[in-house]
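J.: Dropping in model.cif, with mmCIF, C-alpha atoms; chains and numbers go by the auth columns.
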```
data_model
#
loop_
_atom_site.group_PDB
_atom_site.id
_atom_site.type_symbol
_atom_site.label_atom_id
_atom_site.label_comp_id
_atom_site.label_asym_id
_atom_site.label_seq_id
_atom_site.Cartn_x
_atom_site.Cartn_y
_atom_site.Cartn_z
_atom_site.B_iso_or_equiv
_atom_site.auth_seq_id
_atom_site.auth_asym_id
ATOM 1 C CA MET A 1 7.066 -7.056 -1.908 0.00 1 A
ATOM 2 C CA THR A 2 6.126 -8.805 -5.136 0.00 2 A
ATOM 3 C CA GLN A 3 2.592 -10.221 -5.002 0.00 3 A
ATOM 4 C CA LEU A 4 1.596 -13.092 -7.291 0.00 4 A
ATOM 5 C CA ASP A 5 -1.647 -15.035 -6.999 0.00 5 A
ATOM 6 C CA THR A 6 -0.200 -17.782 -4.834 0.00 6 A
ATOM 7 C CA ILE A 7 3.332 -16.601 -4.021 0.00 7 A
ATOM 8 C CA LYS A 8 4.770 -13.543 -2.287 0.00 8 A
ATOM 9 C CA ILE A 9 8.354 -12.292 -2.519 0.00 9 A
ATOM 10 C CA HIS A 10 9.582 -10.267 0.447 0.00 10 A
ATOM 11 C CA ARG A 11 12.863 -8.339 0.279 0.00 11 A
ATOM 12 C CA ARG A 12 15.035 -7.176 3.169 0.00 12 A
ATOM 13 C CA GLY A 13 18.426 -5.822 2.225 0.00 13 A
ATOM 14 C CA GLY A 14 20.191 -8.480 0.170 0.00 14 A
ATOM 15 C CA ALA A 15 17.790 -11.231 1.281 0.00 15 A
ATOM 16 C CA ALA A 16 14.652 -12.332 -0.561 0.00 16 A
ATOM 17 C CA THR A 17 12.030 -14.642 0.895 0.00 17 A
ATOM 18 C CA ILE A 18 9.727 -16.621 -1.376 0.00 18 A
ATOM 19 C CA GLU A 19 6.576 -17.229 0.643 0.00 19 A
ATOM 20 C CA LEU A 20 4.254 -20.016 -0.488 0.00 20 A
ATOM 21 C CA ALA A 21 0.880 -18.344 -0.101 0.00 21 A
ATOM 22 C CA ARG A 22 -1.998 -20.816 -0.314 0.00 22 A
ATOM 23 C CA PRO A 23 -2.424 -21.220 3.451 0.00 23 A
ATOM 24 C CA GLU A 24 -6.022 -22.424 3.103 0.00 24 A
ATOM 25 C CA THR A 25 -4.666 -25.577 1.411 0.00 25 A
ATOM 26 C CA MET A 26 -1.455 -25.862 3.464 0.00 26 A
ATOM 27 C CA ASN A 27 0.277 -24.448 0.366 0.00 27 A
ATOM 28 C CA ALA A 28 -0.686 -27.309 -1.925 0.00 28 A
ATOM 29 C CA TRP A 29 0.507 -27.180 -5.521 0.00 29 A
ATOM 30 C CA ASN A 30 -2.000 -26.470 -8.286 0.00 30 A
ATOM 31 C CA LYS A 31 -1.424 -25.077 -11.778 0.00 31 A
ATOM 32 C CA GLN A 32 -1.319 -21.420 -10.751 0.00 32 A
ATOM 33 C CA PHE A 33 0.951 -22.201 -7.816 0.00 33 A
ATOM 34 C CA GLY A 34 3.446 -23.912 -10.126 0.00 34 A
ATOM 35 C CA LEU A 35 3.426 -21.024 -12.576 0.00 35 A
ATOM 36 C CA ASP A 36 3.813 -18.440 -9.812 0.00 36 A
ATOM 37 C CA LEU A 37 6.578 -20.321 -8.021 0.00 37 A
ATOM 38 C CA LEU A 38 8.584 -20.663 -11.224 0.00 38 A
ATOM 39 C CA ALA A 39 8.170 -16.930 -11.883 0.00 39 A
ATOM 40 C CA ALA A 40 9.351 -16.170 -8.336 0.00 40 A
ATOM 41 C CA VAL A 41 12.413 -18.413 -8.656 0.00 41 A
ATOM 42 C CA GLU A 42 13.369 -16.746 -11.928 0.00 42 A
ATOM 43 C CA GLU A 43 12.838 -13.269 -10.463 0.00 43 A
ATOM 44 C CA VAL A 44 15.134 -13.744 -7.466 0.00 44 A
ATOM 45 C CA ARG A 45 17.689 -15.590 -9.585 0.00 45 A
ATOM 46 C CA ASP A 46 17.938 -12.717 -12.057 0.00 46 A
ATOM 47 C CA ASP A 47 17.855 -9.897 -9.490 0.00 47 A
ATOM 48 C CA GLU A 48 21.478 -8.939 -8.870 0.00 48 A
ATOM 49 C CA THR A 49 20.549 -7.196 -5.613 0.00 49 A
ATOM 50 C CA VAL A 50 19.412 -10.528 -4.116 0.00 50 A
ATOM 51 C CA ARG A 51 22.332 -12.265 -2.407 0.00 51 A
ATOM 52 C CA ALA A 52 20.505 -14.998 -0.474 0.00 52 A
ATOM 53 C CA VAL A 53 17.108 -16.657 -0.863 0.00 53 A
ATOM 54 C CA CYS A 54 14.729 -18.167 1.674 0.00 54 A
ATOM 55 C CA ILE A 55 11.677 -20.319 0.919 0.00 55 A
ATOM 56 C CA THR A 56 8.964 -20.700 3.538 0.00 56 A
ATOM 57 C CA GLY A 57 5.228 -21.255 3.823 0.00 57 A
ATOM 58 C CA ALA A 58 2.361 -19.052 4.914 0.00 58 A
ATOM 59 C CA GLY A 59 0.126 -20.296 7.680 0.00 59 A
ATOM 60 C CA ARG A 60 0.539 -23.623 9.458 0.00 60 A
ATOM 61 C CA GLY A 61 2.369 -25.560 6.780 0.00 61 A
ATOM 62 C CA PHE A 62 5.381 -25.418 4.495 0.00 62 A
ATOM 63 C CA SER A 63 3.657 -27.357 1.708 0.00 63 A
ATOM 64 C CA SER A 64 1.244 -30.293 1.744 0.00 64 A
ATOM 65 C CA GLY A 65 2.273 -31.410 -1.762 0.00 65 A
ATOM 66 C CA ALA A 66 0.087 -31.696 -4.840 0.00 66 A
ATOM 67 C CA ASP A 67 -3.474 -30.413 -4.584 0.00 67 A
ATOM 68 C CA LEU A 68 -5.377 -33.628 -5.266 0.00 68 A
ATOM 69 C CA ARG A 69 -8.561 -31.638 -5.792 0.00 69 A
ATOM 70 C CA ASP A 70 -6.944 -29.860 -8.705 0.00 70 A
ATOM 71 C CA ILE A 71 -4.862 -32.383 -10.660 0.00 71 A
ATOM 72 C CA SER A 72 -6.862 -32.484 -13.890 0.00 72 A
ATOM 73 C CA ASP A 73 -5.604 -29.295 -15.548 0.00 73 A
ATOM 74 C CA GLU A 74 -3.483 -31.407 -17.910 0.00 74 A
ATOM 75 C CA GLN A 75 -4.855 -34.750 -19.145 0.00 75 A
ATOM 76 C CA THR A 76 -3.668 -37.572 -21.381 0.00 76 A
ATOM 77 C CA PRO A 77 -5.843 -38.867 -24.256 0.00 77 A
ATOM 78 C CA GLN A 78 -6.905 -41.628 -21.828 0.00 78 A
ATOM 79 C CA GLY A 79 -8.350 -39.034 -19.450 0.00 79 A
ATOM 80 C CA ARG A 80 -5.707 -39.469 -16.763 0.00 80 A
ATOM 81 C CA PRO A 81 -3.661 -36.605 -15.287 0.00 81 A
ATOM 82 C CA ASP A 82 -0.716 -35.830 -17.585 0.00 82 A
ATOM 83 C CA VAL A 83 1.799 -35.878 -14.765 0.00 83 A
ATOM 84 C CA TYR A 84 4.699 -36.197 -17.186 0.00 84 A
ATOM 85 C CA LYS A 85 3.882 -32.868 -18.821 0.00 85 A
ATOM 86 C CA VAL A 86 3.239 -31.129 -15.510 0.00 86 A
ATOM 87 C CA LEU A 87 6.504 -32.386 -14.051 0.00 87 A
ATOM 88 C CA THR A 88 8.754 -31.740 -17.038 0.00 88 A
ATOM 89 C CA GLU A 89 7.302 -28.416 -18.171 0.00 89 A
ATOM 90 C CA ARG A 90 6.222 -26.820 -14.897 0.00 90 A
ATOM 91 C CA TYR A 91 7.874 -28.349 -11.863 0.00 91 A
ATOM 92 C CA HIS A 92 11.322 -29.473 -12.998 0.00 92 A
ATOM 93 C CA PRO A 93 12.382 -25.918 -13.947 0.00 93 A
ATOM 94 C CA ILE A 94 11.588 -24.892 -10.361 0.00 94 A
ATOM 95 C CA ILE A 95 13.676 -27.697 -8.891 0.00 95 A
ATOM 96 C CA THR A 96 16.662 -27.212 -11.203 0.00 96 A
ATOM 97 C CA GLY A 97 16.358 -23.429 -10.970 0.00 97 A
ATOM 98 C CA LEU A 98 16.801 -23.512 -7.203 0.00 98 A
ATOM 99 C CA ARG A 99 19.450 -26.233 -7.160 0.00 99 A
ATOM 100 C CA THR A 100 21.639 -24.483 -9.730 0.00 100 A
ATOM 101 C CA MET A 101 20.950 -20.906 -8.610 0.00 101 A
ATOM 102 C CA PRO A 102 24.330 -19.250 -7.917 0.00 102 A
ATOM 103 C CA LYS A 103 23.049 -17.951 -4.575 0.00 103 A
ATOM 104 C CA PRO A 104 22.587 -19.682 -1.229 0.00 104 A
ATOM 105 C CA VAL A 105 19.053 -20.995 -0.716 0.00 105 A
ATOM 106 C CA VAL A 106 17.536 -21.733 2.698 0.00 106 A
ATOM 107 C CA ALA A 107 14.339 -23.726 3.176 0.00 107 A
ATOM 108 C CA ALA A 108 12.636 -22.517 6.351 0.00 108 A
ATOM 109 C CA VAL A 109 10.206 -25.357 7.022 0.00 109 A
ATOM 110 C CA ASN A 110 7.550 -23.870 9.273 0.00 110 A
ATOM 111 C CA GLY A 111 5.204 -26.866 9.209 0.00 111 A
ATOM 112 C CA PRO A 112 4.537 -30.110 7.332 0.00 112 A
ATOM 113 C CA ALA A 113 6.634 -30.651 4.180 0.00 113 A
ATOM 114 C CA VAL A 114 4.845 -33.378 2.248 0.00 114 A
ATOM 115 C CA GLY A 115 5.288 -34.973 -1.175 0.00 115 A
ATOM 116 C CA ILE A 116 6.624 -32.464 -3.666 0.00 116 A
ATOM 117 C CA GLY A 117 6.643 -29.985 -0.770 0.00 117 A
ATOM 118 C CA LEU A 118 9.387 -32.121 0.752 0.00 118 A
ATOM 119 C CA SER A 119 11.131 -32.253 -2.630 0.00 119 A
ATOM 120 C CA LEU A 120 11.032 -28.462 -2.757 0.00 120 A
ATOM 121 C CA ALA A 121 12.565 -28.124 0.695 0.00 121 A
ATOM 122 C CA LEU A 122 15.414 -30.479 -0.195 0.00 122 A
ATOM 123 C CA THR A 123 16.400 -28.468 -3.262 0.00 123 A
ATOM 124 C CA ALA A 124 17.729 -25.875 -0.836 0.00 124 A
ATOM 125 C CA ASP A 125 21.320 -25.736 0.334 0.00 125 A
ATOM 126 C CA LEU A 126 20.380 -25.456 4.000 0.00 126 A
ATOM 127 C CA VAL A 127 17.138 -26.789 5.483 0.00 127 A
ATOM 128 C CA VAL A 128 15.961 -25.647 8.906 0.00 128 A
ATOM 129 C CA ALA A 129 12.670 -26.494 10.561 0.00 129 A
ATOM 130 C CA LYS A 130 10.363 -25.692 13.423 0.00 130 A
ATOM 131 C CA GLU A 131 10.373 -28.329 16.132 0.00 131 A
ATOM 132 C CA SER A 132 6.685 -28.985 15.375 0.00 132 A
ATOM 133 C CA ALA A 133 7.289 -29.609 11.650 0.00 133 A
ATOM 134 C CA TYR A 134 7.498 -32.996 9.999 0.00 134 A
ATOM 135 C CA PHE A 135 8.607 -34.462 6.659 0.00 135 A
ATOM 136 C CA LEU A 136 6.670 -37.030 4.650 0.00 136 A
ATOM 137 C CA LEU A 137 7.252 -38.811 1.329 0.00 137 A
ATOM 138 C CA ALA A 138 3.516 -39.312 0.893 0.00 138 A
ATOM 139 C CA PHE A 139 3.514 -40.446 -2.746 0.00 139 A
ATOM 140 C CA VAL A 140 3.181 -44.157 -1.956 0.00 140 A
ATOM 141 C CA ASN A 141 0.026 -43.478 0.051 0.00 141 A
ATOM 142 C CA ILE A 142 -1.811 -42.608 -3.175 0.00 142 A
ATOM 143 C CA GLY A 143 -0.140 -45.231 -5.360 0.00 143 A
ATOM 144 C CA LEU A 144 2.656 -43.074 -6.757 0.00 144 A
ATOM 145 C CA ALA A 145 6.469 -43.032 -6.668 0.00 145 A
ATOM 146 C CA PRO A 146 8.515 -40.038 -5.490 0.00 146 A
ATOM 147 C CA ASP A 147 9.005 -37.100 -7.842 0.00 147 A
ATOM 148 C CA GLY A 148 10.261 -33.521 -7.825 0.00 148 A
ATOM 149 C CA GLY A 149 13.798 -34.801 -7.329 0.00 149 A
ATOM 150 C CA SER A 150 13.157 -36.523 -4.009 0.00 150 A
ATOM 151 C CA SER A 151 14.363 -39.889 -5.354 0.00 151 A
ATOM 152 C CA LEU A 152 17.731 -38.139 -5.701 0.00 152 A
ATOM 153 C CA PHE A 153 17.782 -35.614 -2.847 0.00 153 A
ATOM 154 C CA VAL A 154 16.583 -37.905 -0.055 0.00 154 A
ATOM 155 C CA PRO A 155 19.103 -40.765 -0.499 0.00 155 A
ATOM 156 C CA GLU A 156 21.940 -38.297 -1.117 0.00 156 A
ATOM 157 C CA ARG A 157 21.211 -36.802 2.299 0.00 157 A
ATOM 158 C CA ILE A 158 20.375 -39.864 4.400 0.00 158 A
ATOM 159 C CA GLY A 159 21.396 -42.967 2.424 0.00 159 A
ATOM 160 C CA PHE A 160 19.487 -45.854 0.872 0.00 160 A
ATOM 161 C CA THR A 161 18.233 -47.513 4.061 0.00 161 A
ATOM 162 C CA ARG A 162 16.387 -44.528 5.470 0.00 162 A
ATOM 163 C CA ALA A 163 15.366 -43.192 2.066 0.00 163 A
ATOM 164 C CA ILE A 164 13.692 -46.460 1.044 0.00 164 A
ATOM 165 C CA GLU A 165 11.937 -46.531 4.416 0.00 165 A
ATOM 166 C CA MET A 166 10.539 -43.056 3.820 0.00 166 A
ATOM 167 C CA ALA A 167 9.538 -43.860 0.244 0.00 167 A
ATOM 168 C CA MET A 168 7.926 -47.263 0.848 0.00 168 A
ATOM 169 C CA LEU A 169 6.316 -46.774 4.257 0.00 169 A
ATOM 170 C CA GLY A 170 5.104 -43.218 3.718 0.00 170 A
ATOM 171 C CA GLU A 171 5.380 -42.293 7.388 0.00 171 A
ATOM 172 C CA ARG A 172 5.998 -38.933 9.026 0.00 172 A
ATOM 173 C CA VAL A 173 9.540 -38.063 10.074 0.00 173 A
ATOM 174 C CA PRO A 174 9.436 -35.483 12.896 0.00 174 A
ATOM 175 C CA ALA A 175 11.811 -32.547 12.615 0.00 175 A
ATOM 176 C CA ARG A 176 14.112 -33.729 15.418 0.00 176 A
ATOM 177 C CA GLN A 177 14.440 -37.155 13.836 0.00 177 A
ATOM 178 C CA ALA A 178 15.024 -35.572 10.418 0.00 178 A
ATOM 179 C CA ALA A 179 17.919 -33.594 11.877 0.00 179 A
ATOM 180 C CA GLU A 180 19.367 -36.693 13.568 0.00 180 A
ATOM 181 C CA TRP A 181 19.202 -38.556 10.250 0.00 181 A
ATOM 182 C CA GLY A 182 20.884 -35.696 8.368 0.00 182 A
ATOM 183 C CA LEU A 183 17.848 -34.984 6.206 0.00 183 A
ATOM 184 C CA ILE A 184 17.890 -31.369 7.437 0.00 184 A
ATOM 185 C CA ASN A 185 20.445 -29.112 9.055 0.00 185 A
ATOM 186 C CA LYS A 186 18.878 -27.630 12.170 0.00 186 A
ATOM 187 C CA VAL A 187 15.722 -27.550 14.272 0.00 187 A
ATOM 188 C CA PHE A 188 14.604 -24.472 16.182 0.00 188 A
ATOM 189 C CA ALA A 189 11.993 -24.090 18.880 0.00 189 A
ATOM 190 C CA ASP A 190 8.803 -22.760 17.337 0.00 190 A
ATOM 191 C CA ALA A 191 8.953 -19.501 19.272 0.00 191 A
ATOM 192 C CA GLU A 192 12.539 -18.831 18.133 0.00 192 A
ATOM 193 C CA PHE A 193 12.138 -19.953 14.537 0.00 193 A
ATOM 194 C CA ASP A 194 11.489 -16.654 12.744 0.00 194 A
ATOM 195 C CA ALA A 195 14.381 -14.859 14.458 0.00 195 A
ATOM 196 C CA GLU A 196 16.799 -17.720 13.844 0.00 196 A
ATOM 197 C CA VAL A 197 15.841 -17.938 10.154 0.00 197 A
ATOM 198 C CA ALA A 198 16.237 -14.181 9.683 0.00 198 A
ATOM 199 C CA ALA A 199 19.676 -14.262 11.294 0.00 199 A
ATOM 200 C CA LEU A 200 20.804 -17.171 9.103 0.00 200 A
ATOM 201 C CA VAL A 201 19.583 -15.623 5.859 0.00 201 A
ATOM 202 C CA ASP A 202 21.066 -12.236 6.752 0.00 202 A
ATOM 203 C CA ARG A 203 24.397 -13.911 7.512 0.00 203 A
ATOM 204 C CA LEU A 204 24.411 -15.565 4.098 0.00 204 A
ATOM 205 C CA ALA A 205 23.377 -12.339 2.348 0.00 205 A
ATOM 206 C CA ALA A 206 26.328 -10.549 3.969 0.00 206 A
ATOM 207 C CA GLY A 207 28.786 -13.314 3.107 0.00 207 A
ATOM 208 C CA PRO A 208 31.083 -14.104 0.159 0.00 208 A
ATOM 209 C CA THR A 209 28.407 -14.821 -2.416 0.00 209 A
ATOM 210 C CA ALA A 210 30.897 -15.690 -5.166 0.00 210 A
ATOM 211 C CA ALA A 211 32.350 -18.357 -2.880 0.00 211 A
ATOM 212 C CA TYR A 212 28.867 -19.682 -2.144 0.00 212 A
ATOM 213 C CA ALA A 213 28.231 -19.995 -5.886 0.00 213 A
ATOM 214 C CA GLY A 214 31.491 -21.911 -6.290 0.00 214 A
ATOM 215 C CA ILE A 215 30.602 -24.229 -3.405 0.00 215 A
ATOM 216 C CA LYS A 216 27.252 -25.002 -5.037 0.00 216 A
ATOM 217 C CA ARG A 217 28.908 -25.741 -8.377 0.00 217 A
ATOM 218 C CA GLN A 218 31.260 -28.188 -6.696 0.00 218 A
ATOM 219 C CA ALA A 219 28.502 -29.909 -4.734 0.00 219 A
ATOM 220 C CA ASN A 220 26.244 -30.151 -7.767 0.00 220 A
ATOM 221 C CA ALA A 221 29.022 -31.583 -9.932 0.00 221 A
ATOM 222 C CA TRP A 222 29.841 -34.269 -7.370 0.00 222 A
ATOM 223 C CA LEU A 223 26.380 -35.157 -6.053 0.00 223 A
ATOM 224 C CA TYR A 224 23.839 -34.074 -8.653 0.00 224 A
ATOM 225 C CA ALA A 225 25.539 -34.467 -12.020 0.00 225 A
ATOM 226 C CA ARG A 226 22.783 -36.908 -13.018 0.00 226 A
ATOM 227 C CA MET A 227 19.946 -34.711 -11.754 0.00 227 A
ATOM 228 C CA ASP A 228 18.396 -34.074 -15.177 0.00 228 A
ATOM 229 C CA GLY A 229 18.375 -37.765 -15.998 0.00 229 A
ATOM 230 C CA GLN A 230 16.853 -38.689 -12.635 0.00 230 A
ATOM 231 C CA LEU A 231 14.125 -36.066 -12.999 0.00 231 A
ATOM 232 C CA GLU A 232 13.299 -37.490 -16.422 0.00 232 A
ATOM 233 C CA LEU A 233 13.143 -41.017 -14.979 0.00 233 A
ATOM 234 C CA GLU A 234 10.860 -39.827 -12.180 0.00 234 A
ATOM 235 C CA ALA A 235 8.503 -38.262 -14.734 0.00 235 A
ATOM 236 C CA GLN A 236 8.435 -41.443 -16.831 0.00 236 A
ATOM 237 C CA VAL A 237 7.741 -43.659 -13.808 0.00 237 A
ATOM 238 C CA GLN A 238 5.099 -41.261 -12.520 0.00 238 A
ATOM 239 C CA ARG A 239 3.375 -41.320 -15.901 0.00 239 A
ATOM 240 C CA GLU A 240 3.105 -45.102 -15.568 0.00 240 A
ATOM 241 C CA MET A 241 1.832 -44.854 -12.006 0.00 241 A
ATOM 242 C CA ALA A 242 -0.816 -42.274 -12.961 0.00 242 A
ATOM 243 C CA HIS A 243 -2.345 -44.819 -15.329 0.00 243 A
ATOM 244 C CA SER A 244 -2.653 -47.451 -12.612 0.00 244 A
ATOM 245 C CA ASP A 245 -5.823 -48.462 -10.803 0.00 245 A
ATOM 246 C CA ASP A 246 -3.951 -48.011 -7.537 0.00 246 A
ATOM 247 C CA PHE A 247 -3.490 -44.311 -8.243 0.00 247 A
ATOM 248 C CA VAL A 248 -7.215 -43.847 -8.904 0.00 248 A
ATOM 249 C CA GLU A 249 -7.991 -45.706 -5.687 0.00 249 A
ATOM 250 C CA GLY A 250 -5.373 -43.745 -3.727 0.00 250 A
ATOM 251 C CA VAL A 251 -6.739 -40.368 -4.773 0.00 251 A
ATOM 252 C CA SER A 252 -10.356 -41.467 -4.251 0.00 252 A
ATOM 253 C CA ALA A 253 -9.550 -42.754 -0.777 0.00 253 A
ATOM 254 C CA PHE A 254 -7.741 -39.546 0.114 0.00 254 A
ATOM 255 C CA LEU A 255 -10.637 -37.356 -1.008 0.00 255 A
ATOM 256 C CA GLN A 256 -13.151 -39.615 0.753 0.00 256 A
ATOM 257 C CA LYS A 257 -10.983 -39.715 3.900 0.00 257 A
ATOM 258 C CA ARG A 258 -10.838 -43.510 4.073 0.00 258 A
ATOM 259 C CA PRO A 259 -8.041 -46.108 3.933 0.00 259 A
ATOM 260 C CA PRO A 260 -7.133 -47.107 0.346 0.00 260 A
ATOM 261 C CA VAL A 261 -7.488 -50.672 -0.911 0.00 261 A
ATOM 262 C CA PHE A 262 -4.689 -51.310 -3.402 0.00 262 A
ATOM 263 C CA ASN A 263 -4.637 -54.246 -5.829 0.00 263 A
ATOM 264 C CA GLY A 264 -1.184 -53.829 -7.371 0.00 264 A
ATOM 265 C CA ARG A 265 -2.454 -52.831 -10.808 0.00 265 A
#
```
Would you write out, as structure tokens, the structure that this file holds?

T.:
Amino acid sequence: MTQLDTIKIHRRGGAATIELARPETMNAWNKQFGLDLLAAVEEVRDDETVRAVCITGAGRGFSSGADLRDISDEQTPQGRPDVYKVLTERYHPIITGLRTMPKPVVAAVNGPAVGIGLSLALTADLVVAKESAYFLLAFVNIGLAPDGGSSLFVPERIGFTRAIEMAMLGERVPARQAAEWGLINKVFADAEFDAEVAALVDRLAAGPTAAYAGIKRQANAWLYARMDGQLELEAQVQREMAHSDDFVEGVSAFLQKRPPVFNGR
């Protein structure tokens, strides 16, 4: 096992599991988490003994998204969070690294996948979830637009109508509904989840990995050829949103555990 501050890498035969390991925050993303996750992605990508990769969360959640108590590590001259820099320099390499990795990637969603946590799950080739899990594009609830690739990955999986509903209403999508929509591949009963995930990842690790790499290249060329441009657009839009009064109000309301009052500015 490789142990980083906020990430663990477990190996079993040809399978490697990247475990998001900030359970006390439901695996929320802060600066160290982003650095560690990128290091983990690069490690399993470059390890020729790893034939299949799984991403899952420690504790009760997959990932609750950005840690809103720790978003000031990078700031603009105006004193606002420099979300553009964080996204382009820290988070986008994680997203593109997983999406273009020439190995099958499984997201084993063991609990809530929220915000960029949902984006992370959808970078995977196959997404499976516990029956008790849910998916949430929570950005709008704090005055932001989707990022981390979710403005691309969500509509490619479920179409405009459902994607815009998720993005604009910011409501939970239970695992069963997510599977019915085609957002994810399969749902397993909570008690059977670990065994089912292990069997799936082991099956992939024992399979024709060169063929899997070719399949990913084809899918990426057809569906995600504009991924880099969309990630850049997300970062630009998010930079604008982070300078809005609505974003300040959204974060304040979240931290104070009250409903936000948005004014559209």

J.: From the set A:Gly170, A:Pro208, A:Pro93, A:Pro112, which residue has the shortest atom-to-atom contact distance to A:Asp228, counting all atoms listed in the file?

T.: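 So, comparing all the options, the nearest one is A:Pro93.
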
J.: Taking 5 positions as the minimum chain separation for residues in the same chain, which residues sit within 9 Å of stretch 229-242 of chain A when counting only C-alpha atoms? Answer as a list in words.

T.: Arg80, Pro81, Asp82, Val83, Tyr84, Lys85, Val86, Leu87, Thr88, His92, Gly143, Leu144, Ala145, Pro146, Asp147, Gly148, Gly149, Ser151, Leu152, Phe247 and Val248 of chain A

J.: Using only C-alpha atoms, can you tell me which of A:Ser119, A:Ser244, A:Asn110, A:Thr25 comes closest to A:Phe188?

T.: A:Asn110

J.: Between A:His10, A:Met166, A:Ala124, A:Glu19, which has the minimum distance to A:Pro104 (counting all atoms listed in the file)?

T.: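 For A:Pro104, the nearest of the candidates is A:Ala124.
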
J.: Residues within 12 Å of A:Gln177, please, as a list of chain:residue names. Count all atoms listed in the file; anything in the same chain fewer than 6 positions from it doesn't count.

T.: A:Ala129, A:Glu131, A:Ser132, A:Ala133, A:Tyr134, A:Phe135, A:Ile158, A:Arg162, A:Leu183, A:Ile184, A:Asn185, A:Lys186, A:Val187

J.: What is the atom CA of A:Leu126 to atom CA of A:Leu200 distance in Å?

T.: 9.7 Å

J.: Determine the nearest neighbour of A:Pro102 from the options A:Thr209, A:Gln32, A:Gln218, A:Asn263, counting all atoms listed in the file.

T.: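 Closest candidate: A:Thr209.
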
J.: Can you turn the PyMOL selection byres ((chain A and resi 44-60) around 6) into a concrete residue list for this file, as a CSV table (one decimal) with C-alpha atoms, in the coordinates of the input?

T.:
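As written to disk, expr05.csv reads:
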```
chain,number,residue,atom,x,y,z
A,14,GLY,CA,20.2,-8.5,0.2
A,15,ALA,CA,17.8,-11.2,1.3
A,16,ALA,CA,14.7,-12.3,-0.6
A,17,THR,CA,12.0,-14.6,0.9
A,18,ILE,CA,9.7,-16.6,-1.4
A,19,GLU,CA,6.6,-17.2,0.6
A,20,LEU,CA,4.3,-20.0,-0.5
A,21,ALA,CA,0.9,-18.3,-0.1
A,23,PRO,CA,-2.4,-21.2,3.5
A,41,VAL,CA,12.4,-18.4,-8.7
A,42,GLU,CA,13.4,-16.7,-11.9
A,43,GLU,CA,12.8,-13.3,-10.5
A,61,GLY,CA,2.4,-25.6,6.8
A,62,PHE,CA,5.4,-25.4,4.5
A,103,LYS,CA,23.0,-18.0,-4.6
A,104,PRO,CA,22.6,-19.7,-1.2
A,105,VAL,CA,19.1,-21.0,-0.7
A,106,VAL,CA,17.5,-21.7,2.7
A,107,ALA,CA,14.3,-23.7,3.2
A,108,ALA,CA,12.6,-22.5,6.4
A,109,VAL,CA,10.2,-25.4,7.0
A,111,GLY,CA,5.2,-26.9,9.2
A,205,ALA,CA,23.4,-12.3,2.3
```

J.: Show which residues sit within 9 Å of A:Gly250, as a list in words. Count all atoms listed in the file, and ignore same-chain residues fewer than 6 positions away.

T.: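 Residues near the query, excluding close chain neighbours: Val140, Asn141, Ile142, Gly143, Leu144, Pro259, Pro260, Val261 and Phe262 of chain A.
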
J.: Which value, in Å to one decimal, gives the distance between atom CA of A:Arg217 and atom CA of A:Thr123?

T.: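 For atom CA of A:Arg217 relative to atom CA of A:Thr123, the distance reads 13.8 Å.
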
J.: Would you mind reading off the distance between atom CA of A:Phe254 and atom CA of A:Arg90, one decimal, in Å?

T.: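 For atom CA of A:Phe254 relative to atom CA of A:Arg90, the distance reads 24.1 Å.
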
J.: Check which residues satisfy the PyMOL selection byres ((chain A and resi 219-223) around 12) in the file shown, then give them as a list in words.

T.: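 Taken on the displayed file, the PyMOL selection byres ((chain A and resi 219-223) around 12) yields the residues Thr96, Leu98, Arg99, Thr100, Met101, Pro102, Thr123, Ala124, Asp125, Leu152, Phe153, Val154, Pro155, Glu156, Arg157, Tyr212, Ala213, Gly214, Ile215, Lys216, Arg217, Gln218, Tyr224, Ala225, Arg226, Met227 and Asp228 of chain A.
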
J.: Include C-alpha atoms and write out the residues we just selected as a CSV table (one decimal), in the coordinates of the input.

T.:
```csv
chain,number,residue,atom,x,y,z
A,96,THR,CA,16.7,-27.2,-11.2
A,98,LEU,CA,16.8,-23.5,-7.2
A,99,ARG,CA,19.4,-26.2,-7.2
A,100,THR,CA,21.6,-24.5,-9.7
A,101,MET,CA,21.0,-20.9,-8.6
A,102,PRO,CA,24.3,-19.2,-7.9
A,123,THR,CA,16.4,-28.5,-3.3
A,124,ALA,CA,17.7,-25.9,-0.8
A,125,ASP,CA,21.3,-25.7,0.3
A,152,LEU,CA,17.7,-38.1,-5.7
A,153,PHE,CA,17.8,-35.6,-2.8
A,154,VAL,CA,16.6,-37.9,-0.1
A,155,PRO,CA,19.1,-40.8,-0.5
A,156,GLU,CA,21.9,-38.3,-1.1
A,157,ARG,CA,21.2,-36.8,2.3
A,212,TYR,CA,28.9,-19.7,-2.1
A,213,ALA,CA,28.2,-20.0,-5.9
A,214,GLY,CA,31.5,-21.9,-6.3
A,215,ILE,CA,30.6,-24.2,-3.4
A,216,LYS,CA,27.3,-25.0,-5.0
A,217,ARG,CA,28.9,-25.7,-8.4
A,218,GLN,CA,31.3,-28.2,-6.7
A,224,TYR,CA,23.8,-34.1,-8.7
A,225,ALA,CA,25.5,-34.5,-12.0
A,226,ARG,CA,22.8,-36.9,-13.0
A,227,MET,CA,19.9,-34.7,-11.8
A,228,ASP,CA,18.4,-34.1,-15.2
```

J.: Can you pull out the residues contacting A:Trp29? Cut-off 9 Å, using only C-alpha atoms, and skip same-chain residues under 3 positions away; I want them as a short mmCIF file (atom, residue, chain, number, x, y, z; two decimals) with C-alpha atoms, in the frame of the given file.

T.:
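Ended up saving to around_5.cif:
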```cif
data_model
loop_
_atom_site.label_atom_id
_atom_site.label_comp_id
_atom_site.auth_asym_id
_atom_site.auth_seq_id
_atom_site.Cartn_x
_atom_site.Cartn_y
_atom_site.Cartn_z
CA ARG A 22 -2.00 -20.82 -0.31
CA THR A 25 -4.67 -25.58 1.41
CA GLN A 32 -1.32 -21.42 -10.75
CA PHE A 33 0.95 -22.20 -7.82
CA GLY A 34 3.45 -23.91 -10.13
CA SER A 63 3.66 -27.36 1.71
CA SER A 64 1.24 -30.29 1.74
CA GLY A 65 2.27 -31.41 -1.76
CA ALA A 66 0.09 -31.70 -4.84
CA ASP A 67 -3.47 -30.41 -4.58
CA LEU A 68 -5.38 -33.63 -5.27
CA ASP A 70 -6.94 -29.86 -8.70
CA ILE A 116 6.62 -32.46 -3.67
CA GLY A 117 6.64 -29.98 -0.77
#
```
